[in-house]
Amino acid sequence: MASEALALQIRGRVLLREHGAARIANEVRVEWNARLKTCAGRADFREKLISLNPRLRDHPDEIERTFLHELAHILAHLRAKNRRRIAPHGPEWRDACRDLGIADEKRCHNLPFPITERIRRFLYKCPNCAETFPRVRKIRGAIACLACCRAHSRGEFDPRFRLRLVRYC
Ligand SMILES: [Zn+2]
Ligand SMILES: [Zn+2]
């Protein structure tokens with residue numbers, strides 16, 4: 001299983017180099033992560049980490065597709081570097097999918113296993129205390145870490161503690 005992740009990691013690095021992302025290609029890592037519940041995969045574009053659900057082992061055909069879906073998130077993010085935010089499955093991501101050979105990829109993962117709980121697609125992180133905040137939906141507007149605002153800003157909103165989106169499925 002570990003060797004399969006390594007093989008995908010090597011492939012991911014080659015693909016990124018081929019598509020103009022040589023700068024970060026060697027930072028990309030692929031792991032199996034048993035804590036993924038209903039997500040088939042996940043891309044953390046700050047850590048350059050692709051996590052795959054070990055339950056995909058029962059559905060080998062889905063591994064490749066999920067891997068490319070997540071790699072497309074990382075590629076789209078790198079290309080959009082100078083823009084503040086991009087939609088998770090917006091045009092930048094679809095362009096990346098096309099370049100990676102999965103032009104017909106759907107915005108939602110076609111999970112090969114039943115969904116038993118709502119998928120928390122968005123993970124936010126406090127830049128100060130590193131507390132994480134999983135969310136089903138994207139946060140609109142500015143939200144700061146309450147604990148840090150209380151500890152350092154007398155409970156007032158402080159942009160230093162604004163939550164940052166670190167990954168989505
Ligand atoms: Zn905090
Ligand atoms: Zn996705």
# chains A, B, ... in the order shown; residues from 1 in each chain; ligands from 1
$ select_by_dssp --residues "region 13-155 of chain A" --states "strand (DSSP E or B)" --output "PyMOL selection string"
chain A and resi 29-32+41-44+49-52+122-125+132-135+144
$ residues_around --residues "Arg42 (chain A)" --least-positions-apart "2" --cutoff "12 Å" --atoms "only C-alpha atoms" --output "PyMOL selection string"
chain A and resi 29-40+44-45+47-53+66-74+88+109+119-123+166-169
$ residues_near_ligand --ligand "ligand 1" --cutoff "9 Å" --atoms "only C-alpha atoms and all ligand atoms" --output "count of residues only"
18
$ select_by_dssp --residues "region 21-124 of chain A" --states "alpha helix (DSSP H)" --output "ChimeraX atom specification"
/A:22-25,60-79,91-99
$ closest_residue --among "A:Ala96, A:Arg46, A:Lys81, A:Arg160" --to "Leu15 (chain A)" --atoms "only C-alpha atoms"
A:Ala96
$ closest_residue --among "A:Ala142, A:Ala43, A:Leu100, A:Val136" --to "ligand 2" --atoms "only C-alpha atoms and all ligand atoms"
A:Ala43
$ atom_distance --atom1 "CA of Pro60 (chain A)" --atom2 "CA of Arg17 (chain A)"
25.6 Å
$ residues_around --residues "Pro91 (chain A)" --least-positions-apart "5" --cutoff "12 Å" --atoms "only C-alpha atoms" --output "PyMOL selection string"
chain A and resi 72-73+76-77+79-80+86+96-98+103+107
$ atom_distance --atom1 "CA of Glu105 (chain A)" --atom2 "CA of Arg65 (chain A)"
8.4 Å
$ atom_distance --atom1 "CA of Arg11 (chain A)" --atom2 "CA of Gly90 (chain A)"
24.1 Å
$ closest_residue --among "A:Ala2, A:Ile24, A:Leu75, A:Val14" --to "ligand 2" --atoms "only C-alpha atoms and all ligand atoms"
A:Leu75
$ closest_residue --among "A:Val28, A:Ala21, A:Leu165, A:Ala7" --to "Ile143 (chain A)" --atoms "only C-alpha atoms"
A:Leu165
